[in-house]
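Chemist: To be precise about what I am sending: the file is called start-v9.cif and holds mmCIF, C-alpha atoms.
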data_my_file
loop_
_atom_site.group_PDB
_atom_site.id
_atom_site.type_symbol
_atom_site.label_atom_id
_atom_site.label_comp_id
_atom_site.auth_asym_id
_atom_site.auth_seq_id
_atom_site.Cartn_x
_atom_site.Cartn_y
_atom_site.Cartn_z
ATOM 1 C CA MET A 28 16.085 -11.217 14.906
ATOM 2 C CA ASN A 29 14.300 -13.260 12.256
ATOM 3 C CA VAL A 30 16.850 -13.147 9.453
ATOM 4 C CA ALA A 31 14.437 -14.530 6.836
ATOM 5 C CA ASN A 32 12.078 -11.648 7.568
ATOM 6 C CA GLY A 33 14.848 -9.042 7.632
ATOM 7 C CA GLY A 34 13.961 -8.176 11.212
ATOM 8 C CA ILE A 35 10.351 -7.339 10.249
ATOM 9 C CA THR A 36 8.838 -9.384 13.064
ATOM 10 C CA ARG A 37 5.466 -9.462 14.761
ATOM 11 C CA ASP A 38 6.944 -8.021 17.952
ATOM 12 C CA ARG A 39 8.501 -5.095 16.097
ATOM 13 C CA ILE A 40 5.286 -4.446 14.163
ATOM 14 C CA ALA A 41 3.350 -4.427 17.441
ATOM 15 C CA ALA A 42 5.849 -1.969 18.931
ATOM 16 C CA ALA A 43 5.570 0.260 15.859
ATOM 17 C CA TYR A 44 1.787 0.207 16.201
ATOM 18 C CA GLN A 45 1.957 1.483 19.774
ATOM 19 C CA LEU A 46 4.243 4.301 18.626
ATOM 20 C CA ILE A 47 2.199 5.470 15.638
ATOM 21 C CA ARG A 48 -1.264 4.732 17.058
ATOM 22 C CA PRO A 49 -1.883 8.310 18.348
ATOM 23 C CA HIS A 50 -1.210 9.631 14.833
ATOM 24 C CA ILE A 51 -3.234 7.260 12.629
ATOM 25 C CA ARG A 52 -6.814 6.154 12.213
ATOM 26 C CA ARG A 53 -7.967 2.675 13.078
ATOM 27 C CA THR A 54 -9.702 2.200 9.757
ATOM 28 C CA PRO A 55 -12.988 0.278 9.584
ATOM 29 C CA VAL A 56 -13.912 -3.007 7.948
ATOM 30 C CA VAL A 57 -17.090 -3.720 6.001
ATOM 31 C CA GLU A 58 -18.527 -7.204 5.659
ATOM 32 C CA ALA A 59 -20.186 -8.206 2.415
ATOM 33 C CA ASN A 60 -21.181 -11.308 0.510
ATOM 34 C CA GLY A 61 -19.762 -12.380 -2.796
ATOM 35 C CA ALA A 62 -23.326 -12.534 -4.091
ATOM 36 C CA ASP A 63 -23.493 -8.728 -3.715
ATOM 37 C CA PHE A 64 -20.961 -8.583 -6.568
ATOM 38 C CA GLY A 65 -22.445 -11.376 -8.681
ATOM 39 C CA LEU A 66 -19.986 -13.939 -7.314
ATOM 40 C CA ASP A 67 -20.497 -17.159 -5.390
ATOM 41 C CA PRO A 68 -21.837 -16.464 -1.868
ATOM 42 C CA VAL A 69 -18.544 -16.329 0.058
ATOM 43 C CA ALA A 70 -17.861 -14.070 3.032
ATOM 44 C CA LEU A 71 -15.888 -10.955 2.091
ATOM 45 C CA THR A 72 -14.298 -8.510 4.536
ATOM 46 C CA PHE A 73 -13.107 -5.198 3.109
ATOM 47 C CA LYS A 74 -10.429 -3.332 5.053
ATOM 48 C CA LEU A 75 -11.022 0.332 4.235
ATOM 49 C CA GLU A 76 -7.549 1.769 4.471
ATOM 50 C CA LEU A 77 -8.533 4.449 1.967
ATOM 51 C CA MET A 78 -10.088 6.148 5.023
ATOM 52 C CA GLN A 79 -6.651 6.542 6.581
ATOM 53 C CA HIS A 80 -5.217 10.052 7.054
ATOM 54 C CA ALA A 81 -3.911 11.265 3.675
ATOM 55 C CA GLY A 82 -6.104 8.711 1.897
ATOM 56 C CA ALA A 83 -3.963 5.560 1.974
ATOM 57 C CA PHE A 84 -2.129 2.994 4.116
ATOM 58 C CA LYS A 85 1.150 4.795 3.391
ATOM 59 C CA THR A 86 0.555 7.128 6.355
ATOM 60 C CA ARG A 87 1.412 4.281 8.728
ATOM 61 C CA GLY A 88 4.875 3.829 7.243
ATOM 62 C CA ALA A 89 5.424 7.579 7.033
ATOM 63 C CA PHE A 90 4.804 8.090 10.750
ATOM 64 C CA ALA A 91 6.916 5.035 11.602
ATOM 65 C CA ASN A 92 9.854 6.571 9.743
ATOM 66 C CA LEU A 93 9.471 10.050 11.207
ATOM 67 C CA LEU A 94 9.017 8.773 14.773
ATOM 68 C CA MET A 95 11.599 5.957 14.797
ATOM 69 C CA ARG A 96 14.507 7.686 13.007
ATOM 70 C CA ARG A 97 16.590 10.773 13.778
ATOM 71 C CA ILE A 98 15.434 13.711 11.671
ATOM 72 C CA PRO A 99 18.212 16.108 10.519
ATOM 73 C CA PRO A 100 17.691 19.897 10.301
ATOM 74 C CA ALA A 101 17.084 19.572 6.534
ATOM 75 C CA GLY A 102 14.029 17.445 7.252
ATOM 76 C CA VAL A 103 12.887 14.502 5.150
ATOM 77 C CA CYS A 104 12.789 13.674 1.464
ATOM 78 C CA ALA A 105 10.617 11.149 -0.367
ATOM 79 C CA ALA A 106 10.156 9.947 -3.919
ATOM 80 C CA SER A 107 6.756 8.582 -4.746
ATOM 81 C CA GLY A 108 4.282 7.653 -7.428
ATOM 82 C CA GLY A 109 1.853 9.657 -5.325
ATOM 83 C CA ASN A 110 0.461 8.158 -2.127
ATOM 84 C CA HIS A 111 3.768 7.855 -0.272
ATOM 85 C CA GLY A 112 4.471 11.489 -1.039
ATOM 86 C CA VAL A 113 1.038 12.450 0.250
ATOM 87 C CA ALA A 114 1.591 10.427 3.421
ATOM 88 C CA VAL A 115 5.081 11.796 4.152
ATOM 89 C CA SER A 116 3.812 15.321 3.530
ATOM 90 C CA TYR A 117 0.938 14.793 5.952
ATOM 91 C CA ALA A 118 3.110 13.228 8.670
ATOM 92 C CA ALA A 119 5.744 15.940 8.288
ATOM 93 C CA MET A 120 3.087 18.643 8.548
ATOM 94 C CA ARG A 121 1.664 17.103 11.718
ATOM 95 C CA LEU A 122 5.101 16.731 13.314
ATOM 96 C CA GLY A 123 6.458 20.105 12.170
ATOM 97 C CA ILE A 124 9.194 18.665 9.956
ATOM 98 C CA PRO A 125 10.298 20.116 6.575
ATOM 99 C CA ALA A 126 9.501 17.778 3.674
ATOM 100 C CA LYS A 127 10.717 17.667 0.077
ATOM 101 C CA ILE A 128 8.756 15.389 -2.287
ATOM 102 C CA PHE A 129 9.595 14.206 -5.806
ATOM 103 C CA LEU A 130 6.836 12.843 -8.079
ATOM 104 C CA PRO A 131 6.825 11.655 -11.699
ATOM 105 C CA SER A 132 4.507 13.207 -14.255
ATOM 106 C CA ILE A 133 2.177 10.156 -14.144
ATOM 107 C CA SER A 134 1.037 11.115 -10.626
ATOM 108 C CA SER A 135 -2.644 11.921 -10.399
ATOM 109 C CA PRO A 136 -3.791 15.542 -9.974
ATOM 110 C CA ALA A 137 -5.521 14.528 -6.727
ATOM 111 C CA LYS A 138 -2.241 13.394 -5.177
ATOM 112 C CA ILE A 139 -0.304 16.419 -6.400
ATOM 113 C CA ALA A 140 -2.946 18.722 -4.919
ATOM 114 C CA ARG A 141 -2.887 16.960 -1.553
ATOM 115 C CA ILE A 142 0.899 17.196 -1.264
ATOM 116 C CA ARG A 143 0.819 20.907 -1.986
ATOM 117 C CA GLY A 144 -2.069 21.323 0.435
ATOM 118 C CA TYR A 145 0.003 19.763 3.221
ATOM 119 C CA GLY A 146 2.732 22.344 2.644
ATOM 120 C CA ALA A 147 5.551 20.169 1.328
ATOM 121 C CA ASP A 148 8.079 21.403 -1.219
ATOM 122 C CA LEU A 149 7.096 19.461 -4.352
ATOM 123 C CA THR A 150 8.978 18.765 -7.582
ATOM 124 C CA VAL A 151 7.217 16.954 -10.442
ATOM 125 C CA GLY A 152 9.451 15.622 -13.198
ATOM 126 C CA GLY A 153 10.321 12.535 -15.214
ATOM 127 C CA GLU A 154 7.862 9.950 -16.423
ATOM 128 C CA LEU A 155 8.119 7.157 -13.837
ATOM 129 C CA TYR A 156 8.721 6.519 -10.140
ATOM 130 C CA ALA A 157 12.315 5.524 -10.923
ATOM 131 C CA ASP A 158 12.937 9.032 -12.289
ATOM 132 C CA ALA A 159 11.556 10.635 -9.133
ATOM 133 C CA LEU A 160 13.681 8.309 -6.994
ATOM 134 C CA ALA A 161 16.860 9.300 -8.844
ATOM 135 C CA ALA A 162 16.065 12.996 -8.398
ATOM 136 C CA SER A 163 15.382 12.484 -4.687
ATOM 137 C CA GLU A 164 18.710 10.710 -4.198
ATOM 138 C CA THR A 165 20.530 13.664 -5.732
ATOM 139 C CA TYR A 166 18.663 16.044 -3.437
ATOM 140 C CA VAL A 167 19.463 13.950 -0.342
ATOM 141 C CA ALA A 168 23.162 13.901 -1.221
ATOM 142 C CA GLN A 169 23.182 17.694 -1.576
ATOM 143 C CA SER A 170 20.915 18.652 1.345
ATOM 144 C CA GLY A 171 21.505 16.071 4.052
ATOM 145 C CA ALA A 172 17.756 15.391 4.315
ATOM 146 C CA LEU A 173 16.609 11.996 5.616
ATOM 147 C CA PRO A 174 15.423 9.761 2.761
ATOM 148 C CA VAL A 175 12.103 8.054 3.502
ATOM 149 C CA HIS A 176 11.816 5.209 1.023
ATOM 150 C CA ALA A 177 8.346 4.279 -0.180
ATOM 151 C CA PHE A 178 8.836 0.550 0.421
ATOM 152 C CA ASP A 179 12.473 -0.557 0.839
ATOM 153 C CA GLN A 180 13.045 0.694 4.373
ATOM 154 C CA ALA A 181 12.577 -1.314 7.588
ATOM 155 C CA GLU A 182 10.484 1.354 9.305
ATOM 156 C CA THR A 183 8.225 1.584 6.246
ATOM 157 C CA LEU A 184 7.567 -2.154 6.347
ATOM 158 C CA LEU A 185 6.969 -2.089 10.104
ATOM 159 C CA GLY A 186 4.454 0.718 9.744
ATOM 160 C CA GLN A 187 2.596 -0.940 6.889
ATOM 161 C CA GLY A 188 2.537 -4.211 8.815
ATOM 162 C CA THR A 189 0.308 -2.580 11.407
ATOM 163 C CA VAL A 190 -2.554 -2.912 8.915
ATOM 164 C CA GLY A 191 -2.299 -6.667 9.386
ATOM 165 C CA LEU A 192 -2.260 -6.365 13.174
ATOM 166 C CA GLU A 193 -5.355 -4.178 13.102
ATOM 167 C CA LEU A 194 -7.221 -6.342 10.606
ATOM 168 C CA GLU A 195 -6.563 -9.504 12.589
ATOM 169 C CA GLU A 196 -8.150 -7.878 15.633
ATOM 170 C CA GLN A 197 -11.166 -6.781 13.563
ATOM 171 C CA ALA A 198 -11.593 -9.970 11.494
ATOM 172 C CA PRO A 199 -9.806 -12.825 13.258
ATOM 173 C CA GLY A 200 -11.378 -15.604 11.174
ATOM 174 C CA LEU A 201 -9.973 -14.801 7.733
ATOM 175 C CA ASP A 202 -8.598 -17.607 5.600
ATOM 176 C CA THR A 203 -7.199 -15.461 2.797
ATOM 177 C CA LEU A 204 -6.213 -11.827 2.284
ATOM 178 C CA LEU A 205 -5.909 -10.188 -1.136
ATOM 179 C CA VAL A 206 -3.409 -7.308 -1.224
ATOM 180 C CA ALA A 207 -2.271 -5.121 -4.117
ATOM 181 C CA VAL A 208 1.462 -5.105 -4.867
ATOM 182 C CA GLY A 209 3.619 -2.210 -6.009
ATOM 183 C CA GLY A 210 7.034 -2.007 -4.393
ATOM 184 C CA GLY A 211 5.931 -4.522 -1.799
ATOM 185 C CA GLY A 212 6.087 -2.503 1.428
ATOM 186 C CA HIS A 213 2.395 -2.983 2.132
ATOM 187 C CA ILE A 214 2.111 -6.690 1.382
ATOM 188 C CA GLY A 215 5.558 -7.341 2.863
ATOM 189 C CA GLY A 216 4.605 -5.839 6.217
ATOM 190 C CA ILE A 217 1.241 -7.607 6.220
ATOM 191 C CA ALA A 218 2.770 -10.958 5.264
ATOM 192 C CA ALA A 219 5.370 -10.599 8.016
ATOM 193 C CA TRP A 220 2.578 -9.996 10.516
ATOM 194 C CA TYR A 221 0.493 -13.003 9.501
ATOM 195 C CA ALA A 222 3.587 -15.189 8.999
ATOM 196 C CA SER A 223 1.719 -17.782 6.889
ATOM 197 C CA ARG A 224 -1.093 -18.191 9.435
ATOM 198 C CA ILE A 225 -3.470 -17.201 6.618
ATOM 199 C CA LYS A 226 -2.982 -17.111 2.854
ATOM 200 C CA VAL A 227 -1.708 -13.705 1.767
ATOM 201 C CA ILE A 228 -2.079 -13.330 -1.997
ATOM 202 C CA GLY A 229 -0.510 -10.553 -4.026
ATOM 203 C CA ILE A 230 -2.570 -8.925 -6.767
ATOM 204 C CA GLU A 231 -0.692 -7.049 -9.487
ATOM 205 C CA PRO A 232 -1.651 -5.323 -12.728
ATOM 206 C CA GLU A 233 -0.543 -7.237 -15.809
ATOM 207 C CA ALA A 234 1.153 -4.013 -16.886
ATOM 208 C CA ALA A 235 3.338 -3.922 -13.746
ATOM 209 C CA PRO A 236 4.166 -7.508 -12.632
ATOM 210 C CA THR A 237 6.966 -6.587 -10.235
ATOM 211 C CA LEU A 238 6.574 -9.362 -7.669
ATOM 212 C CA GLU A 239 5.680 -12.039 -10.197
ATOM 213 C CA ARG A 240 8.880 -11.318 -12.122
ATOM 214 C CA ALA A 241 10.942 -11.239 -8.935
ATOM 215 C CA LEU A 242 9.641 -14.574 -7.672
ATOM 216 C CA ALA A 243 10.274 -16.163 -11.068
ATOM 217 C CA ALA A 244 13.838 -14.825 -11.132
ATOM 218 C CA GLY A 245 14.580 -15.585 -7.486
ATOM 219 C CA ARG A 246 15.464 -11.943 -6.801
ATOM 220 C CA PRO A 247 14.060 -8.447 -7.429
ATOM 221 C CA VAL A 248 14.394 -7.605 -11.123
ATOM 222 C CA ASP A 249 13.121 -4.840 -13.379
ATOM 223 C CA ALA A 250 9.598 -5.292 -14.713
ATOM 224 C CA PRO A 251 7.290 -3.226 -16.930
ATOM 225 C CA ALA A 252 5.944 -0.168 -15.109
ATOM 226 C CA GLY A 253 2.717 0.876 -16.776
ATOM 227 C CA GLY A 254 -1.039 0.558 -16.676
ATOM 228 C CA ILE A 255 -3.968 2.313 -15.074
ATOM 229 C CA ALA A 256 -2.495 1.984 -11.559
ATOM 230 C CA ALA A 257 1.005 3.154 -12.519
ATOM 231 C CA ASP A 258 0.982 5.996 -9.994
ATOM 232 C CA SER A 259 0.735 3.510 -7.111
ATOM 233 C CA LEU A 260 1.643 -0.006 -8.312
ATOM 234 C CA ALA A 261 4.492 0.440 -10.807
ATOM 235 C CA PRO A 262 7.876 1.122 -9.180
ATOM 236 C CA ARG A 263 9.765 -1.088 -11.719
ATOM 237 C CA ARG A 264 10.963 -3.590 -9.082
ATOM 238 C CA VAL A 265 10.045 -4.767 -5.584
ATOM 239 C CA GLY A 266 12.151 -3.958 -2.547
ATOM 240 C CA GLU A 267 15.089 -6.032 -1.376
ATOM 241 C CA LEU A 268 13.797 -6.061 2.211
ATOM 242 C CA MET A 269 10.353 -7.435 1.372
ATOM 243 C CA PHE A 270 11.539 -10.097 -1.065
ATOM 244 C CA PRO A 271 12.557 -12.807 1.447
ATOM 245 C CA ILE A 272 9.258 -12.188 3.251
ATOM 246 C CA ALA A 273 7.444 -12.719 -0.039
ATOM 247 C CA GLN A 274 9.315 -15.945 -0.736
ATOM 248 C CA ARG A 275 8.415 -17.291 2.677
ATOM 249 C CA HIS A 276 4.959 -15.930 3.433
ATOM 250 C CA ILE A 277 3.123 -14.884 0.250
ATOM 251 C CA ALA A 278 1.110 -17.798 -1.076
ATOM 252 C CA ARG A 279 0.938 -16.694 -4.714
ATOM 253 C CA VAL A 280 0.658 -13.731 -7.075
ATOM 254 C CA VAL A 281 -2.301 -13.086 -9.376
ATOM 255 C CA LEU A 282 -2.230 -10.703 -12.345
ATOM 256 C CA VAL A 283 -5.253 -8.638 -13.427
ATOM 257 C CA THR A 284 -5.965 -6.467 -16.447
ATOM 258 C CA ASP A 285 -6.519 -2.728 -16.459
ATOM 259 C CA ASP A 286 -10.092 -3.369 -17.583
ATOM 260 C CA ALA A 287 -10.677 -5.614 -14.568
ATOM 261 C CA ILE A 288 -9.345 -2.863 -12.288
ATOM 262 C CA ARG A 289 -11.729 -0.335 -13.844
ATOM 263 C CA GLN A 290 -14.630 -2.734 -13.336
ATOM 264 C CA ALA A 291 -13.608 -3.223 -9.696
ATOM 265 C CA GLN A 292 -13.608 0.540 -9.163
ATOM 266 C CA LYS A 293 -17.131 0.712 -10.574
ATOM 267 C CA ALA A 294 -18.275 -2.257 -8.487
ATOM 268 C CA LEU A 295 -16.944 -0.778 -5.240
ATOM 269 C CA TRP A 296 -18.895 2.394 -5.938
ATOM 270 C CA SER A 297 -22.122 0.791 -7.131
ATOM 271 C CA THR A 298 -22.244 -1.900 -4.424
ATOM 272 C CA LEU A 299 -20.588 -0.343 -1.364
ATOM 273 C CA ARG A 300 -20.449 3.364 -2.244
ATOM 274 C CA ILE A 301 -16.668 3.256 -1.888
ATOM 275 C CA VAL A 302 -14.544 5.454 -4.163
ATOM 276 C CA ALA A 303 -11.169 3.755 -4.609
ATOM 277 C CA GLU A 304 -8.260 4.715 -6.817
ATOM 278 C CA PRO A 305 -7.135 2.039 -9.301
ATOM 279 C CA GLY A 306 -4.469 0.616 -6.988
ATOM 280 C CA GLY A 307 -7.000 0.428 -4.162
ATOM 281 C CA ALA A 308 -9.466 -1.532 -6.312
ATOM 282 C CA THR A 309 -6.914 -3.986 -7.695
ATOM 283 C CA PRO A 310 -7.494 -6.782 -5.112
ATOM 284 C CA LEU A 311 -11.231 -6.869 -5.837
ATOM 285 C CA ALA A 312 -10.414 -7.077 -9.557
ATOM 286 C CA ALA A 313 -8.925 -10.532 -8.939
ATOM 287 C CA LEU A 314 -12.271 -11.760 -7.580
ATOM 288 C CA LEU A 315 -14.530 -10.102 -10.151
ATOM 289 C CA SER A 316 -12.425 -11.300 -13.094
ATOM 290 C CA GLY A 317 -12.235 -14.865 -11.807
ATOM 291 C CA CYS A 318 -8.453 -14.731 -11.595
ATOM 292 C CA TYR A 319 -8.854 -15.736 -7.957
ATOM 293 C CA ARG A 320 -11.713 -18.102 -7.132
ATOM 294 C CA PRO A 321 -12.360 -18.762 -3.432
ATOM 295 C CA GLU A 322 -13.270 -22.223 -2.243
ATOM 296 C CA PRO A 323 -16.772 -22.730 -0.809
ATOM 297 C CA GLY A 324 -16.800 -21.383 2.739
ATOM 298 C CA GLU A 325 -13.502 -19.526 2.343
ATOM 299 C CA ARG A 326 -13.421 -16.243 4.272
ATOM 300 C CA VAL A 327 -11.667 -13.655 2.123
ATOM 301 C CA GLY A 328 -10.255 -10.298 3.150
ATOM 302 C CA VAL A 329 -9.892 -7.575 0.530
ATOM 303 C CA MET A 330 -7.571 -4.623 1.135
ATOM 304 C CA VAL A 331 -8.887 -1.322 -0.242
ATOM 305 C CA SER A 332 -5.652 0.545 0.213
ATOM 306 C CA GLY A 333 -6.144 4.004 -1.297
ATOM 307 C CA GLY A 334 -8.716 6.556 -2.364
ATOM 308 C CA ASN A 335 -6.735 9.483 -3.747
ATOM 309 C CA THR A 336 -8.621 9.972 -6.988
ATOM 310 C CA THR A 337 -10.530 12.670 -8.813
ATOM 311 C CA ALA A 338 -13.307 10.205 -9.673
ATOM 312 C CA VAL A 339 -15.710 12.269 -7.580
ATOM 313 C CA ASP A 340 -15.918 15.995 -8.206
ATOM 314 C CA PHE A 341 -18.714 17.778 -6.370
ATOM 315 C CA ASP A 342 -17.882 21.068 -8.129
ATOM 316 C CA ARG A 343 -18.896 19.768 -11.543
#
Mind turning the file's structure into C-alpha cells?

Modeler:
Amino acid sequence: MNVANGGITRDRIAAAYQLIRPHIRRTPVVEANGADFGLDPVALTFKLELMQHAGAFKTRGAFANLLMRRIPPAGVCAASGGNHGVAVSYAAMRLGIPAKIFLPSISSPAKIARIRGYGADLTVGGELYADALAASETYVAQSGALPVHAFDQAETLLGQGTVGLELEEQAPGLDTLLVAVGGGGHIGGIAAWYASRIKVIGIEPEAAPTLERALAAGRPVDAPAGGIAADSLAPRRVGELMFPIAQRHIARVVLVTDDAIRQAQKALWSTLRIVAEPGGATPLAALLSGCYRPEPGERVGVMVSGGNTTAVDFDR
C-alpha cells in the first residue's frame, strides 16, 4: 500500500473502474483553442463530466461505495451540498438500495428536485454542508445505515479517480489539468491517478479556500464556506484522506472570484453550448480571469464536473 496516498493507488483506481464501469457513462471530451475564449492560442481539452449519470462526477464515487462495501438493511445515508446526494440517490435507485439524504438550505432547487425524483428520503435543513453532515451522523447512529461520505472515504476517492484514468486514455498528451476543489475527493482521486506525471492544479472560489488554507496550515483546517458555488465547493474543510495526496501530487492552488465563475459559466454556454453549474465552471474561470496563464504550447485539460443547474428552463 502507498502510505503517502492513503492506499488510493493507480491499481486500486483501475480495479474500481472495472467494477463501476457497467453503471457509469464514459463521458466525452471536447477539444478547443484558447483563442475561442479570447485567450492565447493554447490547446484546451474539456472533460465533460457534467454528462455523467445524475449530472456530475459524484456518481462514480457513489457506485464505488455501494458496490465495494457491505450495505446493511437500513440502506445508505449521505450528507451533501447537492451533487453527492443526487449521485447516491441515483446509484441507490439503480441498485435497489434505500437511501436517506441530508442537504443544507443552500442546495439548488435543481439538485433537490433530482434527489426527490430518484426516490430517496430527503431532509433539507441547516445552512451549510457541515449542518447536513451533523444531521446525517445522528441518523446513522440511530438507524444503522451505511454512511457514504462525499469526499473523505477511500471508496469515494477511488471512484472519483476513475475520471483521471478515463481522461488519460482520451487525452494522453496533457501537460496540465485544472480541477475544482471542494472537499477534495475529486481532485484527490485524480491526483492519485496521475501521480505527478502531469501538473494537477486545484481551482477554488475565493469565498471557499479549503485546500489553500489546509496547505498553508499543513493540515485540514476550517475555512470560509460561501460564494456562488457553495452548494458544491464549500464543505468548510478538505478531507483527511485526500490531504497527503494533495501535498504530494497537486502542483498548486489558484483562487477565483465569484464574478469570474459567472463569466466562465457564460463563456461555456456562448462558446461551447455547455450549461455548467458554478462549481463545474470554476476551472475555466482560472483561465479566463488570468489567474492561471498557460505557457506557450502547454496542453491544458479543464474539468467540467457538474451541470445540475436551473440556468436553462424550457418551460419559461

Chemist: Atom CA of A:Met269 to atom CA of A:Ala241: how many Å, to one decimal?

Modeler: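 Spanning atom CA of A:Met269 to atom CA of A:Ala241 is a straight-line distance of 11.0 Å.
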
Chemist: Evaluate the PyMOL selection byres ((chain A and resi 68) around 12) here and jot the selected residues down as a short mmCIF file (atom, residue, chain, number, x, y, z; two decimals) with C-alpha atoms, in the coordinates of the input.

Modeler:
data_model
loop_
_atom_site.label_atom_id
_atom_site.label_comp_id
_atom_site.auth_asym_id
_atom_site.auth_seq_id
_atom_site.Cartn_x
_atom_site.Cartn_y
_atom_site.Cartn_z
CA ALA A 59 -20.19 -8.21 2.42
CA ASN A 60 -21.18 -11.31 0.51
CA GLY A 61 -19.76 -12.38 -2.80
CA ALA A 62 -23.33 -12.53 -4.09
CA ASP A 63 -23.49 -8.73 -3.72
CA PHE A 64 -20.96 -8.58 -6.57
CA GLY A 65 -22.44 -11.38 -8.68
CA LEU A 66 -19.99 -13.94 -7.31
CA ASP A 67 -20.50 -17.16 -5.39
CA VAL A 69 -18.54 -16.33 0.06
CA ALA A 70 -17.86 -14.07 3.03
CA LEU A 71 -15.89 -10.96 2.09
CA ARG A 320 -11.71 -18.10 -7.13
CA PRO A 321 -12.36 -18.76 -3.43
CA GLU A 322 -13.27 -22.22 -2.24
CA PRO A 323 -16.77 -22.73 -0.81
CA GLY A 324 -16.80 -21.38 2.74
CA GLU A 325 -13.50 -19.53 2.34
CA ARG A 326 -13.42 -16.24 4.27
CA VAL A 327 -11.67 -13.66 2.12
#

Chemist: Can you give me, as a ChimeraX atom specification, the residues this file yields under the PyMOL selection byres ((chain A and resi 38-54) around 9)?

Modeler: /A:34-37,55-56,74-80,86-88,90-91,94-95,118,121,182,184-190,192-194,216,219-220

Chemist: Give me the result of the PyMOL selection byres ((chain A and resi 319) around 10) on this file, residue by residue, as a VMD selection string.

Modeler: chain A and resid 205 228 230 280 to 283 310 to 318 320 to 322

Chemist: I want to know what sits within 9 Å of A:Ile255, based on only C-alpha atoms, with residues of the same chain fewer than 2 positions away left out; could you give that as a VMD selection string?

Modeler: chain A and resid 232 234 253 257 to 258 285 to 286 288 to 289 305 to 306

Chemist: What does the file look like for those residues with C-alpha atoms, as a compact mmCIF listing (two decimals), in the coordinates of the input?

Modeler:
# COMPACT_ATOMS: atom_id res chain seq x y z
CA PRO A 232 -1.65 -5.32 -12.73
CA ALA A 234 1.15 -4.01 -16.89
CA GLY A 253 2.72 0.88 -16.78
CA ALA A 257 1.00 3.15 -12.52
CA ASP A 258 0.98 6.00 -9.99
CA ASP A 285 -6.52 -2.73 -16.46
CA ASP A 286 -10.09 -3.37 -17.58
CA ILE A 288 -9.35 -2.86 -12.29
CA ARG A 289 -11.73 -0.34 -13.84
CA PRO A 305 -7.14 2.04 -9.30
CA GLY A 306 -4.47 0.62 -6.99

Chemist: Work out how far atom CA of A:Ala291 is from atom CA of A:Glu304, in Å to one decimal.

Modeler: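 So the two atoms, atom CA of A:Glu304 and atom CA of A:Ala291, lie 10.0 Å apart.
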
Chemist: Can you work out which one of A:Gly152, A:Pro247, A:Pro136, A:Gly215 has the shortest atom-to-atom distance to A:Thr337, counting only C-alpha atoms?

Modeler: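 Distance minimum relative to A:Thr337 lands on A:Pro136.
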
Chemist: Quick one: of A:Ala157, A:Ile142, A:Ile301, A:Val151, who's nearest to A:Ala177, counting only C-alpha atoms?

Modeler: A:Ala157

Chemist: To one decimal place, how far is atom CA of A:Ile225 from atom CA of A:Leu204 in Å?

Modeler: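 Answer for the atom CA of A:Ile225 to atom CA of A:Leu204 separation: 7.4 Å.
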
Chemist: Go through A:Thr309, A:Ser297, A:Asn335, A:Thr183 and flag the residue nearest A:Gly266, using all atoms listed in the file for the distances.

Modeler: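 Looking only at the distances to A:Gly266, the closest residue turns out to be A:Thr183.
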
Chemist: Within 12 Å of A:Glu164, counting all atoms listed in the file, which residues show up once you throw out same-chain ones fewer than 6 positions away? Write them as a PDB file with C-alpha atoms, in the frame of the given file, please.

Modeler:
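So result.pdb came out as:
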ATOM      1  CA  VAL A 103      12.887  14.502   5.150  1.00  0.00           C
ATOM      2  CA  CYS A 104      12.789  13.674   1.464  1.00  0.00           C
ATOM      3  CA  ALA A 105      10.617  11.149  -0.367  1.00  0.00           C
ATOM      4  CA  ALA A 106      10.156   9.947  -3.919  1.00  0.00           C
ATOM      5  CA  LYS A 127      10.717  17.667   0.077  1.00  0.00           C
ATOM      6  CA  ILE A 128       8.756  15.389  -2.287  1.00  0.00           C
ATOM      7  CA  PHE A 129       9.595  14.206  -5.806  1.00  0.00           C
ATOM      8  CA  ALA A 157      12.315   5.524 -10.923  1.00  0.00           C
ATOM      9  CA  ASP A 158      12.937   9.032 -12.289  1.00  0.00           C
ATOM     10  CA  SER A 170      20.915  18.652   1.345  1.00  0.00           C
ATOM     11  CA  GLY A 171      21.505  16.071   4.052  1.00  0.00           C
ATOM     12  CA  ALA A 172      17.756  15.391   4.315  1.00  0.00           C
ATOM     13  CA  LEU A 173      16.609  11.996   5.616  1.00  0.00           C
ATOM     14  CA  PRO A 174      15.423   9.761   2.761  1.00  0.00           C
ATOM     15  CA  VAL A 175      12.103   8.054   3.502  1.00  0.00           C
ATOM     16  CA  HIS A 176      11.816   5.209   1.023  1.00  0.00           C
TER      17      HIS A 176
END

Chemist: For each of A:Asn110, A:Ser134, A:Ser223, A:Gln169, take the minimum atom-to-atom distance to A:His276, counting only C-alpha atoms, then give the residue where this is smallest.

Modeler: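 Selected residue with least distance to A:His276: A:Ser223.
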
Chemist: I need the residue nearest A:Lys138 from this list: A:Ala303, A:Thr336, A:Ser259, A:Thr298. Use only C-alpha atoms for the distance.

Modeler: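 Counting only C-alpha atoms, the residue closest to A:Lys138 is A:Thr336.
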
Chemist: Choose the residue, out of A:Leu238, A:Val331, A:Leu295, A:Ala287, that has the smallest atom-to-atom separation from A:Pro271; count all atoms listed in the file.

Modeler: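 When distances to A:Pro271 are compared using all atoms listed in the file, the smallest one comes from A:Leu238.
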
Chemist: With 6 Å added on each side, what axis-aligned box encloses every listed atom of stretch 74-80 of chain A? Give the centre and edge lengths in Å to one decimal, as lines of an AutoDock Vina configuration file.

Modeler:
center_x = -8.1
center_y = 3.4
center_z = 4.5
size_x = 17.8
size_y = 25.4
size_z = 17.1
